[in-house]
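Scroll down for the structure; my scribbles are underneath it.
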Amino acid sequence: MKRSMLAKLRDAREARMPVALISDIGDGTQRLVSRKEAPADSLAEVLDRGFRFDESGVVNAGGREYFINIYNPPLKLVLIGAVHIAQTLIPMARLLGYRVMVVDPRGAFASPERFPDVEMAAEWPDEVLPKAGLDARTAIVLLTHDPKIDDLALMAALASECFYIGALGSKRTHAQRLERFRGRGFDEQQLARIHAPIGLDIGARGAPEIAAAIIAEITKVLRRGAEAP
């Protein structure tokens with residue numbers, strides 16, 4: 001691999017930009033394609049699957065053989081609310097490779113004793129999230145049930161490229177949430193990004209089952225897209 005290509009890969013990693021290195025096995029030529037560029041590429045379908053499933057490998061296309069190496073940034077999960085569901089959700093997320101951050105301005109909740117070895121921010125979401133890098137490899141989950149906190153996080157999430165936005169609350173609570181955000185100028189396409197009531201509908205009861213439903217829905221959106229049935 002040429003030094004210039006290594007430099008591009010390094011720059012993409014530092015910028016948390018998903019890229020694919022495509023090597024022509026026949027003549028050894030290489031090119032780098034970002035996930036945003038992939039839909040217009042001749043290998044678009046293969047690249048889409050590769051990015052979704054972190055899947056590298058050899059493919060045949062147009063009579064040529066290519067090795068596609070997917071370089072996806074590490075996954076991030078931002079939890080708004082240092083609550084019981086978060087305590088159960090964190091180990092599940094870590095097993096799936098997520099770097100987890102918990103944000104909650106309520107110091108009594110956001111304590112190292114309750115969340116050992118977890119990146120914590122005992123601040124308001126609008127103070128933290130603009131610096132948190134909410135990108136296309138980030139999921140954000142709103143758990144406080146307090147509009148004063150959750151709404152600030154939701155505004156930041158909707159302005160970002162987060163692949164998943166989920167909010168705790170009943171259908172009635174979510175309907176009220178949507179009305180508030182319509183009043184703030186958000187359109188239906190933006191609001192459709194919010195997964196609420198949060199999690200797959202598995203009849204979950206209690207923090208562990210709700211956490212399982214949430215991480216399952218996050219995985220579904222990550223791998224299959226938000227529109228998948």
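Chain identifiers are assigned as A, B, and so on, following the order in which chains appear in the structure tokens; residues are numbered from 1 within each chain, and ligands are numbered from 1 in order of appearance.
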Please extract the residues of segment 36-87 of chain A with a backbone DSSP assignment of alpha helix (DSSP H) and present them as a list in words.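 DSSP-assigned alpha helix (DSSP H) residues in segment 36-87 of chain A: Ala44, Glu45, Val46, Leu47, Asp48, Arg49, Gly50, Phe51, Arg52, Phe53, His84, Ile85, Ala86 and Gln87 of chain A.
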Saved selection, atoms kept: N, CA and C atoms, as a PDB file, in the first residue's frame:
ATOM      1  N   ALA A  44     -21.730  -0.226  -5.529  1.00  0.00           N
ATOM      2  CA  ALA A  44     -22.586   0.368  -4.504  1.00  0.00           C
ATOM      3  C   ALA A  44     -23.273  -0.670  -3.622  1.00  0.00           C
ATOM      4  N   GLU A  45     -23.852  -1.707  -4.223  1.00  0.00           N
ATOM      5  CA  GLU A  45     -24.612  -2.686  -3.447  1.00  0.00           C
ATOM      6  C   GLU A  45     -23.717  -3.441  -2.476  1.00  0.00           C
ATOM      7  N   VAL A  46     -22.544  -3.831  -2.962  1.00  0.00           N
ATOM      8  CA  VAL A  46     -21.597  -4.559  -2.112  1.00  0.00           C
ATOM      9  C   VAL A  46     -21.083  -3.655  -0.996  1.00  0.00           C
ATOM     10  N   LEU A  47     -20.797  -2.405  -1.332  1.00  0.00           N
ATOM     11  CA  LEU A  47     -20.301  -1.464  -0.336  1.00  0.00           C
ATOM     12  C   LEU A  47     -21.348  -1.183   0.736  1.00  0.00           C
ATOM     13  N   ASP A  48     -22.605  -1.052   0.329  1.00  0.00           N
ATOM     14  CA  ASP A  48     -23.663  -0.790   1.298  1.00  0.00           C
ATOM     15  C   ASP A  48     -23.734  -1.914   2.327  1.00  0.00           C
ATOM     16  N   ARG A  49     -23.691  -3.148   1.860  1.00  0.00           N
ATOM     17  CA  ARG A  49     -23.719  -4.279   2.790  1.00  0.00           C
ATOM     18  C   ARG A  49     -22.462  -4.293   3.660  1.00  0.00           C
ATOM     19  N   GLY A  50     -21.317  -4.009   3.060  1.00  0.00           N
ATOM     20  CA  GLY A  50     -20.078  -4.004   3.814  1.00  0.00           C
ATOM     21  C   GLY A  50     -20.099  -3.004   4.951  1.00  0.00           C
ATOM     22  N   PHE A  51     -20.572  -1.780   4.665  1.00  0.00           N
ATOM     23  CA  PHE A  51     -20.637  -0.761   5.707  1.00  0.00           C
ATOM     24  C   PHE A  51     -21.651  -1.122   6.787  1.00  0.00           C
ATOM     25  N   ARG A  52     -22.802  -1.664   6.375  1.00  0.00           N
ATOM     26  CA  ARG A  52     -23.846  -2.002   7.345  1.00  0.00           C
ATOM     27  C   ARG A  52     -23.395  -3.110   8.295  1.00  0.00           C
ATOM     28  N   PHE A  53     -22.704  -4.107   7.752  1.00  0.00           N
ATOM     29  CA  PHE A  53     -22.383  -5.301   8.532  1.00  0.00           C
ATOM     30  C   PHE A  53     -20.904  -5.410   8.897  1.00  0.00           C
ATOM     31  N   HIS A  84     -31.739   3.395  36.054  1.00  0.00           N
ATOM     32  CA  HIS A  84     -31.556   1.944  36.157  1.00  0.00           C
ATOM     33  C   HIS A  84     -31.433   1.280  34.782  1.00  0.00           C
ATOM     34  N   ILE A  85     -32.218   1.726  33.817  1.00  0.00           N
ATOM     35  CA  ILE A  85     -32.128   1.133  32.482  1.00  0.00           C
ATOM     36  C   ILE A  85     -30.728   1.319  31.913  1.00  0.00           C
ATOM     37  N   ALA A  86     -30.141   2.492  32.141  1.00  0.00           N
ATOM     38  CA  ALA A  86     -28.777   2.750  31.661  1.00  0.00           C
ATOM     39  C   ALA A  86     -27.782   1.787  32.292  1.00  0.00           C
ATOM     40  N   GLN A  87     -27.943   1.511  33.575  1.00  0.00           N
ATOM     41  CA  GLN A  87     -27.026   0.595  34.254  1.00  0.00           C
ATOM     42  C   GLN A  87     -27.057  -0.797  33.636  1.00  0.00           C
TER      43      GLN A  87
END
Show which residues sit within 9 Å of segment 126-129 of chain A, as a ChimeraX atom specification. Count only C-alpha atoms, and ignore same-chain residues fewer than 3 positions away. /A:103,121,123,132-134,149,152-153,155-157
Based on the selection just made, write N, CA and C atoms of those residues as a CSV table (one decimal), in the first residue's frame.
chain,number,residue,atom,x,y,z
A,103,VAL,N,-24.9,11.0,30.1
A,103,VAL,CA,-25.0,12.5,30.3
A,103,VAL,C,-26.3,12.7,31.2
A,121,ALA,N,-20.8,12.7,32.2
A,121,ALA,CA,-20.9,14.1,32.1
A,121,ALA,C,-22.1,14.6,32.9
A,123,GLU,N,-23.6,17.2,33.3
A,123,GLU,CA,-23.9,18.6,32.8
A,123,GLU,C,-25.2,18.5,31.9
A,132,ALA,N,-19.6,16.3,21.6
A,132,ALA,CA,-19.5,14.9,21.7
A,132,ALA,C,-19.4,14.1,20.4
A,133,GLY,N,-19.5,14.8,19.3
A,133,GLY,CA,-19.3,14.2,18.0
A,133,GLY,C,-20.4,13.2,17.6
A,134,LEU,N,-21.6,13.7,17.6
A,134,LEU,CA,-22.7,12.8,17.2
A,134,LEU,C,-22.8,12.6,15.7
A,149,ILE,N,-34.7,17.9,30.3
A,149,ILE,CA,-33.4,17.3,30.0
A,149,ILE,C,-33.4,16.6,28.6
A,152,LEU,N,-33.6,18.9,25.3
A,152,LEU,CA,-32.3,19.5,24.9
A,152,LEU,C,-31.4,18.5,24.1
A,153,ALA,N,-31.4,17.3,24.6
A,153,ALA,CA,-30.7,16.2,23.9
A,153,ALA,C,-31.3,15.9,22.5
A,155,MET,N,-33.0,17.8,20.5
A,155,MET,CA,-32.7,18.9,19.6
A,155,MET,C,-31.3,18.7,19.0
A,156,ALA,N,-30.3,18.4,19.8
A,156,ALA,CA,-29.0,18.1,19.3
A,156,ALA,C,-28.9,16.9,18.4
A,157,ALA,N,-29.6,15.8,18.8
A,157,ALA,CA,-29.6,14.6,18.1
A,157,ALA,C,-30.2,14.8,16.7
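Across the model, the gap from atom CA of His174 of chain A to atom CA of Arg99 of chain A is 27.4 Å.
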Among listed residues A:Gly107, A:Phe115, A:Leu191, A:Thr88, nearest Pro208 of chain A (using only C-alpha atoms): A:Thr88
Please provide as a ChimeraX atom specification all residues within 10 Å of Ala159 of chain A, with the sequence filter that same-chain residues fewer than 5 positions apart are discarded (counting only C-alpha atoms). /A:130,134,154,190
Once you have the residues from the selection above, write them out as an mmCIF file, in the first residue's frame, restricted to C-alpha atoms.
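Everything below was put into out-v7.cif:
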data_model
loop_
_atom_site.group_PDB
_atom_site.id
_atom_site.type_symbol
_atom_site.label_atom_id
_atom_site.label_comp_id
_atom_site.auth_asym_id
_atom_site.auth_seq_id
_atom_site.Cartn_x
_atom_site.Cartn_y
_atom_site.Cartn_z
ATOM 1 C CA PRO A 130 -22.168 19.812 20.670
ATOM 2 C CA LEU A 134 -22.747 12.840 17.244
ATOM 3 C CA LEU A 154 -33.259 15.537 21.242
ATOM 4 C CA GLN A 190 -37.064 14.952 11.066
#
Atom CA of Ala192 of chain A and atom CA of Ala40 of chain A are how many Å apart? 25.7 Å
Which residues are near Ile214 of chain A? Cut-off 6 Å, only C-alpha atoms, ignore same chain within fewer than 3 positions. Put them as a list in words. Gly199, Ala211 and Glu217 of chain A
Keeping only C-alpha atoms, write the selected residues as a JSON list (two decimals), in the first residue's frame.
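Saved as part-v8.json:
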[["chain", "number", "residue", "atom", "x", "y", "z"],
["A", 199, "GLY", "CA", -37.15, -0.49, 21.79],
["A", 211, "ALA", "CA", -32.60, -2.55, 27.96],
["A", 217, "GLU", "CA", -33.69, -2.07, 18.12]]
With distances taken over only C-alpha atoms, which of A:Arg193, A:Val58, A:Asn69, A:Ser4 is nearest to Ser34 of chain A?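 Ranked by minimum distance to Ser34 of chain A, first place goes to A:Asn69.
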From A:Lys131, A:Lys148, A:Arg94, A:Lys36, residue lying nearest Gly81 of chain A [only C-alpha atoms]: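 Looking at the shortest contact to Gly81 of chain A, the residue is A:Lys148.
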Shell of 10 Å around Ile198 of chain A, only C-alpha atoms, local chain residues under 6 positions omitted, as a list in words: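 The contact residues come out as Val141, Leu142, Leu143, Ile165, Gly166, Ala167, Leu168, Gly169, Ser170, Lys171, His174, Ile210, Ala211, Ala213, Ile214, Ile215, Glu217 and Ile218 of chain A.
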File of the preceding selection, C-alpha atoms, as a PDB file, in the first residue's frame:
ATOM      1  CA  VAL A 141     -30.962   7.117  23.870  1.00  0.00           C
ATOM      2  CA  LEU A 142     -33.098   9.467  25.995  1.00  0.00           C
ATOM      3  CA  LEU A 143     -34.045   7.934  29.342  1.00  0.00           C
ATOM      4  CA  ILE A 165     -32.414   8.231  18.177  1.00  0.00           C
ATOM      5  CA  GLY A 166     -34.617   6.596  20.791  1.00  0.00           C
ATOM      6  CA  ALA A 167     -36.766   8.137  23.505  1.00  0.00           C
ATOM      7  CA  LEU A 168     -38.354   6.526  26.541  1.00  0.00           C
ATOM      8  CA  GLY A 169     -42.041   7.187  27.146  1.00  0.00           C
ATOM      9  CA  SER A 170     -45.546   6.015  26.341  1.00  0.00           C
ATOM     10  CA  LYS A 171     -47.383   6.719  23.099  1.00  0.00           C
ATOM     11  CA  HIS A 174     -44.378  10.761  22.622  1.00  0.00           C
ATOM     12  CA  ILE A 210     -36.367  -2.799  28.416  1.00  0.00           C
ATOM     13  CA  ALA A 211     -32.598  -2.547  27.957  1.00  0.00           C
ATOM     14  CA  ALA A 213     -35.443  -4.310  23.692  1.00  0.00           C
ATOM     15  CA  ILE A 214     -33.477  -1.070  23.211  1.00  0.00           C
ATOM     16  CA  ILE A 215     -30.188  -2.690  22.229  1.00  0.00           C
ATOM     17  CA  GLU A 217     -33.695  -2.071  18.116  1.00  0.00           C
ATOM     18  CA  ILE A 218     -30.395  -0.208  17.882  1.00  0.00           C
TER      19      ILE A 218
END
Just want the 12 Å neighbourhood of segment 12-14 of chain A, counted on only C-alpha atoms, with same-chain residues fewer than 3 positions away dropped. Output as JSON, numbers by chain. {"A": [5, 6, 7, 8, 9, 17, 18, 19, 20, 21, 32, 33, 34, 35, 70, 71, 72, 73, 74, 133]}
Write the residues you've just listed into a file as a PDB file, in the first residue's frame, and include C-alpha atoms for each of them.
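Written output follows (selection04.pdb):
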ATOM      1  CA  MET A   5      -3.152   5.794   0.843  1.00  0.00           C
ATOM      2  CA  LEU A   6      -2.086   5.079   4.409  1.00  0.00           C
ATOM      3  CA  ALA A   7      -2.257   8.796   5.122  1.00  0.00           C
ATOM      4  CA  LYS A   8      -5.797   8.963   3.739  1.00  0.00           C
ATOM      5  CA  LEU A   9      -6.843   6.023   5.887  1.00  0.00           C
ATOM      6  CA  MET A  17     -15.313   8.789   8.485  1.00  0.00           C
ATOM      7  CA  PRO A  18     -16.409   5.299   7.314  1.00  0.00           C
ATOM      8  CA  VAL A  19     -14.383   4.337   4.239  1.00  0.00           C
ATOM      9  CA  ALA A  20     -13.750   1.277   2.099  1.00  0.00           C
ATOM     10  CA  LEU A  21     -10.387   0.429   0.592  1.00  0.00           C
ATOM     11  CA  LEU A  32     -10.719   4.750  -1.252  1.00  0.00           C
ATOM     12  CA  VAL A  33     -14.501   5.264  -1.165  1.00  0.00           C
ATOM     13  CA  SER A  34     -16.331   6.941   1.711  1.00  0.00           C
ATOM     14  CA  ARG A  35     -19.753   5.749   2.818  1.00  0.00           C
ATOM     15  CA  ILE A  70     -14.223  -1.836   5.334  1.00  0.00           C
ATOM     16  CA  TYR A  71     -12.924   0.705   7.831  1.00  0.00           C
ATOM     17  CA  ASN A  72     -15.830   1.741  10.060  1.00  0.00           C
ATOM     18  CA  PRO A  73     -15.208   4.009  13.061  1.00  0.00           C
ATOM     19  CA  PRO A  74     -15.937   2.490  16.482  1.00  0.00           C
ATOM     20  CA  GLY A 133     -19.273  14.174  17.989  1.00  0.00           C
TER      21      GLY A 133
END
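Secondary structure by DSSP on the backbone puts the following residues of segment 16-66 of chain A in strand (DSSP E or B): A:Val19, A:Ala20, A:Leu21, A:Ile22, A:Ser23, A:Asp24, A:Gln30, A:Arg31, A:Leu32, A:Val33, A:Ser34, A:Gly57, A:Val58, A:Val59, A:Asn60, A:Ala61, A:Arg64, A:Glu65, A:Tyr66.
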Å distance separating atom CA of Met120 of chain A from atom CA of Ala207 of chain A, one decimal place: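 Atom CA of Ala207 of chain A lies 20.1 Å from atom CA of Met120 of chain A.
Among the candidates A:Glu119, A:Ala93, A:Pro125, A:Asp54, the one nearest to Arg106 of chain A when counting only C-alpha atoms is A:Pro125.
With distances restricted to only C-alpha atoms, A:Asp151 is the closest residue to Arg184 of chain A from A:Ala122, A:Asp151, A:Glu227, A:Val221.
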Here is a test: counting only C-alpha atoms, which residue of A:Val100, A:Ala82, A:Ala196, A:Ala139 is nearest to Pro112 of chain A?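 The shortest atom-to-atom distance to Pro112 of chain A comes from A:Ala82.
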